[in-house]
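coords.txt follows (compact mmCIF, C-alpha atoms):
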```txt
# COMPACT_ATOMS: atom_id res chain seq x y z
CA MET A 1 -9.90 -22.68 9.34
CA GLY A 2 -11.70 -19.30 9.17
CA GLU A 3 -12.67 -17.19 6.21
CA LYS A 4 -9.76 -15.68 4.30
CA LYS A 5 -9.97 -11.93 3.84
CA ARG A 6 -7.66 -9.07 2.98
CA HIS A 7 -5.56 -7.83 5.90
CA THR A 8 -3.31 -4.77 5.91
CA LEU A 9 -0.21 -4.86 8.10
CA ALA A 10 1.87 -1.79 8.91
CA VAL A 11 5.40 -2.63 10.00
CA LEU A 12 8.16 -0.31 11.22
CA VAL A 13 11.62 -1.71 10.49
CA ASP A 14 15.26 -0.67 10.42
CA ASN A 15 16.02 1.14 7.15
CA GLU A 16 18.94 -1.02 6.06
CA ALA A 17 19.88 -3.47 3.33
CA GLY A 18 18.27 -6.90 3.48
CA VAL A 19 15.37 -6.07 5.81
CA LEU A 20 12.68 -6.09 3.10
CA SER A 21 14.06 -9.39 1.81
CA GLN A 22 13.95 -10.85 5.32
CA VAL A 23 10.32 -9.77 5.81
CA SER A 24 9.13 -10.98 2.39
CA ARG A 25 10.97 -14.32 2.78
CA MET A 26 9.07 -14.92 6.01
CA PHE A 27 5.77 -14.70 4.08
CA SER A 28 6.94 -17.03 1.31
CA ARG A 29 8.35 -19.56 3.81
CA LYS A 30 4.92 -19.70 5.45
CA GLY A 31 3.22 -20.11 2.04
CA TYR A 32 1.51 -16.71 1.77
CA ASN A 33 1.38 -14.50 -1.28
CA ILE A 34 1.82 -10.80 -0.63
CA GLU A 35 -1.03 -9.08 -2.50
CA SER A 36 0.44 -5.57 -2.13
CA LEU A 37 3.70 -4.20 -0.76
CA ALA A 38 4.76 -0.58 -0.30
CA VAL A 39 7.90 0.62 1.48
CA GLY A 40 9.23 4.05 2.32
CA THR A 41 11.16 5.91 4.96
CA THR A 42 9.34 7.60 7.82
CA ASP A 43 10.04 10.95 9.46
CA THR A 44 13.08 9.18 10.93
CA PRO A 45 15.56 8.28 8.12
CA THR A 46 16.75 5.15 9.98
CA ILE A 47 13.20 3.69 10.10
CA SER A 48 11.12 2.46 7.15
CA ARG A 49 7.43 1.65 7.10
CA ILE A 50 6.29 -1.41 5.16
CA THR A 51 2.62 -1.76 4.28
CA ILE A 52 1.73 -5.35 3.40
CA GLU A 53 -1.59 -6.71 2.20
CA VAL A 54 -2.18 -10.44 2.45
CA MET A 55 -5.15 -12.81 2.16
CA ALA A 56 -5.49 -14.85 5.36
CA ASP A 57 -7.94 -15.75 8.08
CA ASP A 58 -7.75 -14.13 11.52
CA ASP A 59 -5.77 -17.00 13.10
CA GLN A 60 -3.24 -16.95 10.26
CA ILE A 61 -2.79 -13.18 10.62
CA GLU A 62 -2.15 -13.61 14.32
CA LEU A 63 0.54 -16.23 13.57
CA LEU A 64 2.12 -14.10 10.82
CA SER A 65 2.12 -11.05 13.10
CA ASN A 66 3.80 -12.97 15.90
CA GLN A 67 6.46 -14.28 13.50
CA LEU A 68 7.12 -10.78 12.12
CA ARG A 69 7.43 -9.30 15.62
CA LYS A 70 10.20 -11.82 16.36
CA LEU A 71 12.39 -10.49 13.55
CA ILE A 72 15.22 -8.33 14.94
CA PRO A 73 14.81 -5.37 12.54
CA VAL A 74 11.05 -5.10 13.27
CA HIS A 75 10.29 -2.32 15.75
CA SER A 76 6.51 -2.29 15.57
CA LEU A 77 3.66 -4.03 13.80
CA LYS A 78 0.00 -3.14 13.55
CA VAL A 79 -2.80 -5.05 11.89
CA MET A 80 -4.94 -2.25 10.49
CA ASN A 81 -8.62 -2.07 11.36
CA MET A 82 -10.08 -2.03 7.84
CA ASP A 83 -13.15 -0.06 8.98
CA ASN A 84 -10.92 2.66 10.44
CA ALA A 85 -8.14 2.77 7.85
CA ILE A 86 -7.38 5.28 5.15
CA ARG A 87 -6.01 3.16 2.30
CA ARG A 88 -4.69 4.64 -0.96
CA GLU A 89 -2.70 3.62 -3.99
CA LEU A 90 -1.02 5.62 -6.74
CA VAL A 91 -1.56 4.38 -10.31
CA LEU A 92 -0.05 5.61 -13.57
CA PHE A 93 -1.93 4.80 -16.79
CA LYS A 94 -0.42 5.28 -20.25
CA VAL A 95 -3.41 5.35 -22.60
CA LYS A 96 -3.43 5.32 -26.39
CA ALA A 97 -4.97 8.53 -27.76
CA SER A 98 -4.99 7.97 -31.49
CA SER A 99 -7.19 10.99 -32.33
CA SER A 100 -8.12 14.35 -30.87
CA GLU A 101 -11.58 12.95 -30.04
CA ALA A 102 -9.99 10.10 -28.07
CA ARG A 103 -7.63 12.54 -26.33
CA ASN A 104 -10.56 14.81 -25.36
CA SER A 105 -12.56 11.84 -24.05
CA ILE A 106 -9.63 10.63 -21.95
CA ILE A 107 -9.15 14.13 -20.53
CA GLN A 108 -12.86 14.25 -19.59
CA ILE A 109 -12.58 10.85 -17.89
CA ALA A 110 -9.49 12.04 -16.01
CA ASN A 111 -11.42 15.12 -14.81
CA ILE A 112 -14.39 13.04 -13.64
CA PHE A 113 -12.10 10.74 -11.62
CA ARG A 114 -9.85 13.60 -10.45
CA ALA A 115 -6.86 12.02 -12.13
CA GLN A 116 -4.02 14.22 -13.35
CA ILE A 117 -2.62 14.28 -16.86
CA VAL A 118 1.14 14.03 -16.23
CA ASP A 119 2.38 13.51 -19.79
CA VAL A 120 1.03 14.29 -23.23
CA SER A 121 2.60 13.00 -26.42
CA ILE A 122 1.45 12.34 -29.95
CA GLY A 123 -0.68 9.24 -29.65
CA ALA A 124 -0.68 8.80 -25.85
CA LEU A 125 -1.65 10.39 -22.55
CA THR A 126 -0.31 9.41 -19.12
CA LEU A 127 -2.65 9.81 -16.16
CA ALA A 128 -1.80 9.68 -12.46
CA MET A 129 -4.44 8.89 -9.89
CA ILE A 130 -4.44 8.35 -6.14
CA GLY A 131 -7.44 6.51 -4.77
CA GLU A 132 -9.10 3.51 -3.24
CA GLU A 133 -9.26 0.21 -5.12
CA PRO A 134 -12.88 0.51 -6.38
CA LYS A 135 -12.20 3.95 -7.88
CA ILE A 136 -8.99 2.72 -9.54
CA GLU A 137 -10.75 -0.36 -10.91
CA ALA A 138 -13.56 1.82 -12.29
CA ILE A 139 -11.28 4.18 -14.23
CA GLU A 140 -9.15 1.27 -15.43
CA LYS A 141 -12.22 -0.44 -16.87
CA ILE A 142 -13.30 2.75 -18.68
CA LEU A 143 -9.80 3.45 -20.01
CA GLU A 144 -9.58 -0.07 -21.49
CA GLU A 145 -11.88 1.23 -24.26
CA PHE A 146 -8.95 3.39 -25.45
CA GLU A 147 -6.24 0.73 -24.92
CA VAL A 148 -4.18 0.99 -21.77
CA MET A 149 -0.64 0.64 -23.13
CA GLU A 150 1.02 0.48 -19.73
CA LEU A 151 -0.08 0.57 -16.10
CA VAL A 152 1.87 0.65 -12.85
CA LYS A 153 0.65 0.66 -9.23
CA THR A 154 2.60 1.59 -6.12
CA GLY A 155 0.88 -0.78 -3.73
CA ILE A 156 -1.46 0.19 -0.92
CA VAL A 157 -0.34 2.58 1.82
CA ALA A 158 -2.53 2.97 4.89
CA LEU A 159 -2.95 4.91 8.12
CA GLU A 160 -5.64 4.57 10.77
CA ARG A 161 -7.97 7.49 11.32
CA GLY A 162 -7.84 9.53 14.51
CA LEU A 163 -5.14 9.67 17.16
CA GLU A 164 -4.09 6.00 17.18
CA THR A 165 -0.66 5.36 15.61
CA ILE A 166 1.67 2.47 14.91
CA TYR A 167 3.92 3.85 17.64
CA ASP A 168 1.29 2.73 20.19
CA ASN A 169 2.12 -0.89 19.36
CA THR A 170 5.90 -1.13 19.74
CA LYS A 171 7.85 -4.13 20.98
CA GLU A 172 8.61 -2.29 24.16
CA LYS A 173 7.13 1.16 24.66
CA GLY A 174 9.81 3.79 24.88
CA GLU A 175 12.50 1.46 23.56
CA PHE A 176 12.73 3.33 20.28
CA ASN A 177 12.69 7.10 19.85
CA TYR A 178 11.26 7.25 16.25
CA GLY A 179 12.45 10.79 15.80
CA LYS A 180 10.33 12.26 18.56
CA ASN A 181 12.08 14.96 20.55
CA VAL A 182 13.01 13.53 23.92
CA LEU A 183 14.81 15.67 26.48
```

Encoded form (structure tokens):
Amino acid sequence: MGEKKRHTLAVLVDNEAGVLSQVSRMFSRKGYNIESLAVGTTDTPTISRITIEVMADDDQIELLSNQLRKLIPVHSLKVMNMDNAIRRELVLFKVKASSSEARNSIIQIANIFRAQIVDVSIGALTLAMIGEEPKIEAIEKILEEFEVMELVKTGIVALERGLETIYDNTKEKGEFNYGKNVL
């Protein structure tokens, strides 16, 4: 068995009820924990893109990928090249700001990390930040000094750099239109 590492899978699926459940059940049946999961529609409303992060070795990822490709609602699957992937996550932090000094310090930290203040109330500030995991972990650690009251993460979304797309790796090239204009 090889070394387990984080893998990011991009999966195009039918945008219909039960598909996400079917995909996630496949991981649990095989005994894998999904580390991160993000789902949203694509430029074609009938197609959703699922970004899944899982800890596995290369052989396990190959097996998981093959099992996913067999699912009827799966149109395309790509194991992202981590060296060539743009990976981001949105995080919201609700931080206790019990004094004006604390509030000012939190605002300065937000500015340094290019986070946005999205809500201000008496006693708390809510920050939104989009970034890579190390940047998010760094601001989270600093904000703990002020008491993070609540935190929520969207899960990782990813695209490969350059011209390569998930559409290059379909079950059968040309089988699905994906919203591209075809005459």

List the spatial neighbours of stretch 26-35 of chain A as a ChimeraX atom specification - criterion: any atom at most 10 Å away, all atoms listed in the file, same-chain residues fewer than 4 positions off excluded. /A:6-8,20-22,52-56,60,63-64,67-68,71,155-156

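Closest approach to A:Val39 among A:Ala158, A:Ala128, A:Leu143, A:Ala110 is made by A:Ala158 (distances from all atoms listed in the file).
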
Atomic separation - atom CA of A:Met80 relative to atom CA of A:Ile50, Å: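 Calculated distance between atom CA of A:Ile50 and atom CA of A:Met80 is 12.5 Å.
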
Please compute the atom CA of A:Glu3-atom CA of A:Asp58 distance, one decimal, in Å.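 These atoms are spaced 7.9 Å apart.
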
Separation of atom CA of A:Met82 from atom CA of A:Asn15 in Å: 26.3 Å

Counting all atoms listed in the file, the option among A:Val11, A:Thr126, A:Lys153, A:Glu140 closest to A:Tyr167: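 Counting all atoms listed in the file, the residue closest to A:Tyr167 is A:Val11.
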
Calculate, to one decimal in Å, the centre and edge lengths of the box along x, y and z of the file that holds all listed atoms of stretch 161-167 of chain A with 6 Å of margin on each side, and present them as AutoDock Vina command-line options.
```
--center_x -2.0 --center_y 6.1 --center_z 14.5 --size_x 23.9 --size_y 19.2 --size_z 18.3
```

In file coordinates, which residues lie within 7 Å of (9.0, 0.4, 7.6) using only C-alpha atoms, given as a list in words?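 Protein and nucleic acid residues near the point are Val11, Leu12, Val13, Asp14, Val39, Gly40, Thr41, Ile47, Ser48, Arg49 and Ile50 of chain A.
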
I'd like to know which of A:Val152, A:Leu77, A:Val19, A:Ile86 is closest to A:Ile136, using only C-alpha atoms.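 That would be A:Val152, the residue with the smallest distance to A:Ile136.
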
Residue with smallest distance to A:Phe146 - pool A:Arg161, A:Arg114, A:Arg69, A:Arg103, counting all atoms listed in the file: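 Checking each of A:Arg161, A:Arg114, A:Arg69, A:Arg103 against A:Phe146, counting all atoms listed in the file, the winner is A:Arg103.
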
Between A:Ala10, A:Val148, A:Val74, A:Ile107, which is the closest to A:Leu37 once you count only C-alpha atoms?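 Ranked by minimum distance to A:Leu37, first place goes to A:Ala10.
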
Which residue gives the smallest distance to A:Lys78 among A:Val95, A:Ile117, A:Ile139, A:Ile61, with all atoms listed in the file counted?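 Answer, going by the shortest atom-to-atom distance: A:Ile61.
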
7 Å contact set for A:Leu90, all atoms listed in the file, chain neighbours under 6 positions out, as a count of residues only: 5
